[in-house]
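K.L.:
The structure under discussion is supplied below as structure tokens; questions concerning it will follow.
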Amino acid sequence: MLGSMDLRLTEYGLSHVLFLVLFFVLGKSVAMGKRGKRSFSHLEVLLIVLFVLMTCVSVGLAVLIFVINNAERNSGPTISAPPRSTTVTTRDSVVYLIGVGRADCTGPLADAPLMGYANADQVAGGLHTRQYSRAFIVAEPDGSGRVVFVSADIGMVSQRLRLEVIKQLKAKYGDLYRQDNVIMSGTHTHSGPAGYFQYTLFLISGKGFIKSTFDALVSGIIKSIDLAHQNMKSGKIFINKGDVENSQINRSPFSYLQNPDAERSRYKSNTDKEMVVLKMVDSNNQPLGIISWFAVHPVSMNNTNHLVSSDNMGYASYLFEQEQNKGQLPGQGPFVAAFASSNLGDVSPNTQGPHCINTGESCDNPNSYCPVGGAKMCIAMGPGNDMFESTRIIGEHIYSKAKELYGTASVEIKGPIKFAHQWVDMSNVTVQLNSTHTGNTCKPALGYSFAAGTIDGVGALNFTQGTVEGDPFWDAVRDMLLAKPSNETVDCHKPKPILFSTGEMLKPLPWHPDIVDVQIITIGSLAIAAIPGEFTTMSGRRLREAIKKEFESEGTPGMNVVVSGLCNIYTHYITTYEEYQVQRYEAASTIYGPHTLSAYIQLFNNLARAIAKDTVKDLPKGPEPPFFNQSKLIVLLPKNPVDKTPENMTFGEVLQDVQPLYKLGNVAEITFVSANPRNSVEKMEKHTFLTVEKYENVLRTWKIVHNDASWETRFIWTKGAQGTSNATVEWYIPETTKLGIYRIRHFGHYRTLLISSIPYEGLSSEFEVTGK
């Protein structure tokens with residue numbers, strides 16, 4: 001670089017000298033011309049010629065150096081090179097139109113069950129961190145290609161949620177945003193409100209259809225896309241990859257060991273440690289956003305938690321956005337950071353591994369079974385001392401690696417934008433296993449080990465993982481109360497012993513979906529496969545490899561394939577054929593039978609081939625999924641009761657005040673008379689249940705330093721008798737807090753017989769934060 005700089009200075013110096021000489025000669029000539037005609041001397045002609053030649057050489061060398069330097073900056077040996085591009089370019093950079101948007105999609109914080117663990121006792125009772133929908137739009141300037149990727153802090157995307165979002169997008173934008181160019185992905189937090197599904201199994205486990213949850217998610221997702229659409233600007237996308245350490249374990253290692261030795265020997269770990277990062281910047285290289293994919297379950301917050309939380313992946317988003325949007329409260333600021341799910345099916349963040357909680361001994365065995373107490377005592381924890389600390393540690397690991405990869409990303413994504421989508425009846429796919437044999441997928445069914453749960457959250461009864469034989473008692477109960485599986489379904493799912501034959505259970509509505517989305521979008525050399533469930537580690541590897549090979553075989557080499565999880569519809573788990581044979585939880589939850597993965601590989605290969613050969617228009621659309629009338633959906637959550645206060649008290653009144661003095665690292669705590677937070681859900685987007693405020697001496701005003709989306713605060717709601725309740729606000733005072741005078745405020749809405757939502761607020765006494 002120094003040599004190049006010296007060369008440039010020399011070039012510019014010679015040109016400058018020659019310019020002065022030429023200026024002198026021409027000036028002299030003009031001056032002489034006033035006195036009479038004069039021809040140039042031989043010396044003057046020579047100097048003019050030299051000037052022209054040196055100018056040409058200088059310009060040529062400058063252009064050559066510019067090209068070489070930019071080629072060096074754009075080299076990236078670890079990331080696949082892009083295919084040929086038809087996208088508009090400026091110099092050597094690809095110009096896309098990029099839009100990013102973020103919107104709150106938090107559902108009800110009270111009474112609603114949390115989605116993920118299927119634990120009837122795990123009902124929301126407050127807020128840890130908020131849920132957000134984060135949308136990214138990438139388009140070619142001429143409009144020939146446009147795609148949307150949404151990552152939402154929810155357990156998974158339901159079919160009903162996706163269909164409603166697409167319906168509203170069509171009403172607003174016409175055919176701009178559709179089934180085929182919009183991907184919706186859930187981070188898979190297990191601490192978001194349930195109630196946004198339409199199939200019976202999920203309705204039963206989530207207290208039925210909860211309209212306030214559904215509406216909050218639809219509204220938040222739509223608004224995030226609206227913001228991305230409104231904020232589109234010219235920009236560039238860079239890709240980077242790297243391993244995240246000390247953040248995951250395989251929670252079904254005995255299933256993983258069933259995969260062929262030769263296949264396992266190709267990988268260093270029984271989990272995918274690789275993180276993929278997309279860095280988005282505008283045409284002036286100013287940051288716009290990041291999408292990161294990494295495989296880990298957001299179950300650091302365990303099944304004893306009652307606070308709505310975006311868990312470890314949400315905390316990584318929080319840290320990245322707070323870093324980029326300095327001085328802004330959480331959820332504010334232009335930079336958007338999404339940490340999306342991948343093939344996390346058998347991957348746990350509870351890195352201390354499974355232990356018997358009654359004896360402390362390891363229960364890392366094929367059945368996750370404890371000698372005393374059985375399977376329900378085998379639970380994984382860590383790395384922290386409690387779930388909040390574990391969430392923080394794992395979230396920080398994920399954020400730190402993403403920040404490093406974002407900062408060093410230099411390989412630019414270039415090329416056209418394409419996409420392909422189909423609906424498929426997954427209960428009836430014929431799979432070509434080899435040149436002579438075929439297999440079939442099955443009607444949906446769940447095995448016995450589904451009821452066992454996992455080491456991240458055990459089941460309510462003492463079912464055991466790895467069960468390959470049914471039990472006469474439970475079979476009889478099933479046959480009497482639900483439905484007896486047909487012989488065809490039993491044979492199709494072998495060796496899974498069927499606990500619930502959900503594909504044959506149709507009342508009051510079907511218990512599981514048959515019609516499933518499969519979808520791929522490509523942005524230049526990046527292919528995003530939208531998978532409708534939880535692929536295990538090896539399943540994800542096989543799918544990625546198959547898609548990559550399909551692109552290569554059709555003349556599109558060097559594709560970077562991302563497996564994006566929990567997209568568009570939820571169909572539980574997808575294991576390999578070999579993992580399926582030992583029937584741990586993930587295999588028992590592979591609802592379309594032992595050939596499910598092979599079917600998906602076949603279907604996604606078809607999409608990749610169509611994109612590579614530009615024959616997407618020839619793909620059959622497939623059978624459209626149902627959208628059941630809301631009146632037919634089960635509703636089990638009663639309406640909010642009328643809120644009441646203790647005698648002679650008002651809403652927002654302080655029950656237990658703060659202390660007058662706190663030191664850094666302490667917890668400031670206050671309890672108010674409150675109302676049910678469900679009354680506020682329709683106002684959630686512009687509402688906070690709490691603020692922490694600092695008194696600014698110079699301006700003599702109170703400044704909000706934290707709200708209920710802040711990591712440092714917790715909002716805990718407790719239901720009392722006869723319609724009474726209270727709310728506790730906790731502020732975990734960071735070591736970096738500025739010393740001074742503070743106060744805490746609480747906001748809410750109460751319900752009367754005639755009015756459903758009346759605002760109230762409460763205020764703490766002032767208190768001082770001092771150093772240690």
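Ordered as shown in the structure tokens, chains take letters A, B, and onward, while each chain numbers its residues from 1 and ligands are numbered from 1 in the order shown.
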Show me, as a Markdown table, the residues of stretch 125-197 of chain A having an atom within 12 Å of stretch 380-395 of chain A, each with the closest atom pair and its distance in Å, using only C-alpha atoms.

P.N.:
```
| residue | atom | partner | partner_atom | distance |
| --- | --- | --- | --- | --- |
| A:His128 | CA | A:Phe388 | CA | 9.3 |
| A:Thr129 | CA | A:Phe388 | CA | 11.1 |
| A:Thr189 | CA | A:Thr391 | CA | 11.2 |
```

K.L.:
Got a sec: who's within 12 Å of A:Ala420, counting only C-alpha atoms, leaving out chain neighbours fewer than 6 positions off, as a PyMOL selection string?

P.N.:
chain A and resi 145+147+178-183+517-522+527-530+603-621

K.L.:
Report as a ChimeraX atom specification all protein, DNA and RNA residues lying within 9 Å of stretch 365-367 of chain A, evaluated on only C-alpha atoms, omitting residues in the same chain fewer than 5 positions from it.

P.N.:
/A:252-255,375,464-467,582,584

K.L.:
Would you please extract all strand (DSSP E or B) residues from stretch 318-518 of chain A, as assigned by DSSP on the backbone, and give them as a VMD selection string?

P.N.:
chain A and resid 336 to 340 347 to 348 353 to 356 362 370 374 378 to 381 411 to 412 417 to 425 430 to 432 438 to 440 446 to 447 453 to 454 457 to 458 498 to 500 515 to 518

K.L.:
Work out how far atom CA of A:Val561 is from atom CA of A:Leu543, in Å to one decimal.

P.N.:
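Taking atom CA of A:Leu543 and atom CA of A:Val561, their separation equals 9.2 Å.
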
K.L.:
Which residue out of A:Asp346, A:Glu274, A:Asp456, A:Glu488 has the minimum interatomic distance to A:Ser300 when only C-alpha atoms are used?

P.N.:
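For A:Ser300, the nearest of the given residues is A:Asp456.
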
K.L.:
Between A:Lys683, A:Lys241, A:Lys703, A:His397, which residue has the minimum interatomic distance to A:Val277, considering only C-alpha atoms?

P.N.:
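Checking each of A:Lys683, A:Lys241, A:Lys703, A:His397 against A:Val277, counting only C-alpha atoms, the winner is A:Lys241.
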
K.L.:
So which one's closest to A:Gly565, A:Leu329, A:Ala110, A:Met377, A:Ile531? Using only C-alpha atoms, please.

P.N.:
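Using only C-alpha atoms, A:Gly565 sits closest to A:Ile531.
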
K.L.:
Find the spatial neighbours of A:Val150, counting only C-alpha atoms, within a cut-off of 8 Å - ignore same-chain residues fewer than 6 positions away - and output them as JSON, numbers by chain.

P.N.:
{"A": [133, 134, 135, 136, 182, 183, 184, 185, 221, 225]}

K.L.:
With only C-alpha atoms as the counted atoms, please give the residues lying no more than 10 Å from A:Phe651, apart from itself and same-chain residues fewer than 6 positions off, as a PDB file with N, CA and C atoms, in the first residue's frame.

P.N.:
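File produced: selection26.pdb:
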```pdb
ATOM      1  N   ASP A 643     -61.504  -5.514  37.001  1.00  0.00           N
ATOM      2  CA  ASP A 643     -60.403  -5.304  37.941  1.00  0.00           C
ATOM      3  C   ASP A 643     -60.897  -4.582  39.187  1.00  0.00           C
ATOM      4  N   LYS A 644     -60.336  -4.971  40.309  1.00  0.00           N
ATOM      5  CA  LYS A 644     -60.700  -4.345  41.581  1.00  0.00           C
ATOM      6  C   LYS A 644     -59.435  -4.029  42.370  1.00  0.00           C
ATOM      7  N   THR A 645     -59.579  -3.118  43.327  1.00  0.00           N
ATOM      8  CA  THR A 645     -58.455  -2.743  44.191  1.00  0.00           C
ATOM      9  C   THR A 645     -58.785  -3.127  45.637  1.00  0.00           C
ATOM     10  N   PHE A 672     -46.877  -2.168  43.159  1.00  0.00           N
ATOM     11  CA  PHE A 672     -48.021  -1.280  42.978  1.00  0.00           C
ATOM     12  C   PHE A 672     -49.324  -2.077  42.993  1.00  0.00           C
ATOM     13  N   VAL A 673     -50.411  -1.422  43.340  1.00  0.00           N
ATOM     14  CA  VAL A 673     -51.748  -1.947  43.066  1.00  0.00           C
ATOM     15  C   VAL A 673     -51.930  -1.892  41.544  1.00  0.00           C
ATOM     16  N   SER A 674     -52.314  -2.998  40.945  1.00  0.00           N
ATOM     17  CA  SER A 674     -52.360  -3.028  39.479  1.00  0.00           C
ATOM     18  C   SER A 674     -53.633  -3.672  38.969  1.00  0.00           C
ATOM     19  N   ALA A 675     -53.739  -3.718  37.656  1.00  0.00           N
ATOM     20  CA  ALA A 675     -54.828  -4.394  36.963  1.00  0.00           C
ATOM     21  C   ALA A 675     -54.239  -5.432  36.021  1.00  0.00           C
ATOM     22  N   THR A 724     -58.460  -8.630  42.213  1.00  0.00           N
ATOM     23  CA  THR A 724     -57.335  -7.768  42.597  1.00  0.00           C
ATOM     24  C   THR A 724     -56.028  -8.337  42.059  1.00  0.00           C
ATOM     25  N   SER A 725     -55.044  -7.495  41.939  1.00  0.00           N
ATOM     26  CA  SER A 725     -53.715  -7.934  41.515  1.00  0.00           C
ATOM     27  C   SER A 725     -52.704  -6.869  41.876  1.00  0.00           C
ATOM     28  N   ASN A 726     -51.426  -7.253  41.842  1.00  0.00           N
ATOM     29  CA  ASN A 726     -50.361  -6.273  42.050  1.00  0.00           C
ATOM     30  C   ASN A 726     -49.246  -6.506  41.061  1.00  0.00           C
ATOM     31  N   PHE A 747     -47.248   1.868  34.549  1.00  0.00           N
ATOM     32  CA  PHE A 747     -48.400   2.243  33.737  1.00  0.00           C
ATOM     33  C   PHE A 747     -49.236   0.999  33.441  1.00  0.00           C
ATOM     34  N   GLY A 748     -50.539   1.172  33.388  1.00  0.00           N
ATOM     35  CA  GLY A 748     -51.405   0.056  33.060  1.00  0.00           C
ATOM     36  C   GLY A 748     -52.802   0.518  32.695  1.00  0.00           C
ATOM     37  N   HIS A 749     -53.701  -0.437  32.537  1.00  0.00           N
ATOM     38  CA  HIS A 749     -55.095  -0.154  32.209  1.00  0.00           C
ATOM     39  C   HIS A 749     -55.986  -1.078  33.036  1.00  0.00           C
ATOM     40  N   TYR A 750     -57.064  -0.545  33.555  1.00  0.00           N
ATOM     41  CA  TYR A 750     -57.990  -1.395  34.304  1.00  0.00           C
ATOM     42  C   TYR A 750     -59.329  -1.473  33.590  1.00  0.00           C
ATOM     43  N   PRO A 759     -56.765   3.976  31.501  1.00  0.00           N
ATOM     44  CA  PRO A 759     -55.355   4.068  31.902  1.00  0.00           C
ATOM     45  C   PRO A 759     -55.183   4.513  33.354  1.00  0.00           C
ATOM     46  N   TYR A 760     -54.095   4.044  33.952  1.00  0.00           N
ATOM     47  CA  TYR A 760     -53.689   4.501  35.271  1.00  0.00           C
ATOM     48  C   TYR A 760     -52.175   4.490  35.323  1.00  0.00           C
ATOM     49  N   GLU A 761     -51.587   5.127  36.322  1.00  0.00           N
ATOM     50  CA  GLU A 761     -50.144   5.063  36.515  1.00  0.00           C
ATOM     51  C   GLU A 761     -49.806   5.211  37.991  1.00  0.00           C
ATOM     52  N   GLY A 762     -48.612   4.743  38.335  1.00  0.00           N
ATOM     53  CA  GLY A 762     -48.124   4.845  39.698  1.00  0.00           C
ATOM     54  C   GLY A 762     -46.705   5.370  39.702  1.00  0.00           C
TER      55      GLY A 762
END
```

K.L.:
Neighbouring residues of A:Thr304 were defined as those with any atom within 7 Å, considering only C-alpha atoms; residues of the same chain fewer than 2 positions away were excluded. Please report them as JSON, numbers by chain.

P.N.:
{"A": [122, 302, 306]}

K.L.:
Extract the full set of alpha helix (DSSP H) residues from stretch 439-607 of chain A according to DSSP on the backbone, and format it as an MDAnalysis selection string.

P.N.:
chainID A and resid 472:481 487:493 537:553 577:580 585:588 596:607

K.L.:
Could you tell me how far atom CA of A:Lys376 sits from atom CA of A:Gly593, in Å to one decimal place?

P.N.:
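So the two atoms, atom CA of A:Gly593 and atom CA of A:Lys376, lie 26.3 Å apart.
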
K.L.:
Neighbours of stretch 626-639 of chain A within 6 Å (only C-alpha atoms; same-chain residues fewer than 6 positions away dropped), as a list in words?

P.N.:
Lys207, Gly208 and Phe209 of chain A

K.L.:
Residues as selected, N, CA and C atoms, written as a PDB file, in the first residue's frame, can you do that?

P.N.:
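The result, written out as out16.pdb:
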```pdb
ATOM      1  N   LYS A 207     -54.524 -23.258  25.405  1.00  0.00           N
ATOM      2  CA  LYS A 207     -55.786 -22.667  25.856  1.00  0.00           C
ATOM      3  C   LYS A 207     -56.585 -22.104  24.689  1.00  0.00           C
ATOM      4  N   GLY A 208     -56.515 -22.817  23.555  1.00  0.00           N
ATOM      5  CA  GLY A 208     -57.328 -22.452  22.414  1.00  0.00           C
ATOM      6  C   GLY A 208     -56.778 -21.274  21.641  1.00  0.00           C
ATOM      7  N   PHE A 209     -57.637 -20.692  20.835  1.00  0.00           N
ATOM      8  CA  PHE A 209     -57.264 -19.525  20.032  1.00  0.00           C
ATOM      9  C   PHE A 209     -57.392 -18.279  20.893  1.00  0.00           C
TER      10      PHE A 209
END
```

K.L.:
So the first atom is atom CA of A:Tyr177 and the second is atom CA of A:Phe197; what is the distance between them in Å, to one decimal place?

P.N.:
22.3 Å

K.L.:
Can you list every residue of stretch 264-298 of chain A that has an atom at most 12 Å from stretch 151-174 of chain A, with its nearest atom pair and the distance in Å to one decimal, using only C-alpha atoms, ordered by chain then number, as a Markdown table?

P.N.:
```
| residue | atom | partner | partner_atom | distance |
| --- | --- | --- | --- | --- |
| A:Ile290 | CA | A:Ser151 | CA | 11.3 |
| A:Ile291 | CA | A:Ser151 | CA | 8.7 |
| A:Ser292 | CA | A:Ser151 | CA | 10.1 |
| A:Trp293 | CA | A:Ser151 | CA | 10.3 |
| A:His297 | CA | A:Gly155 | CA | 10.2 |
| A:Pro298 | CA | A:Gly155 | CA | 9.0 |
```

K.L.:
Check the smallest atom-to-atom distance from each of A:Val218, A:Ala460, A:Val123, A:Leu203 to A:Val308 using only C-alpha atoms, then report the winner.

P.N.:
A:Val123
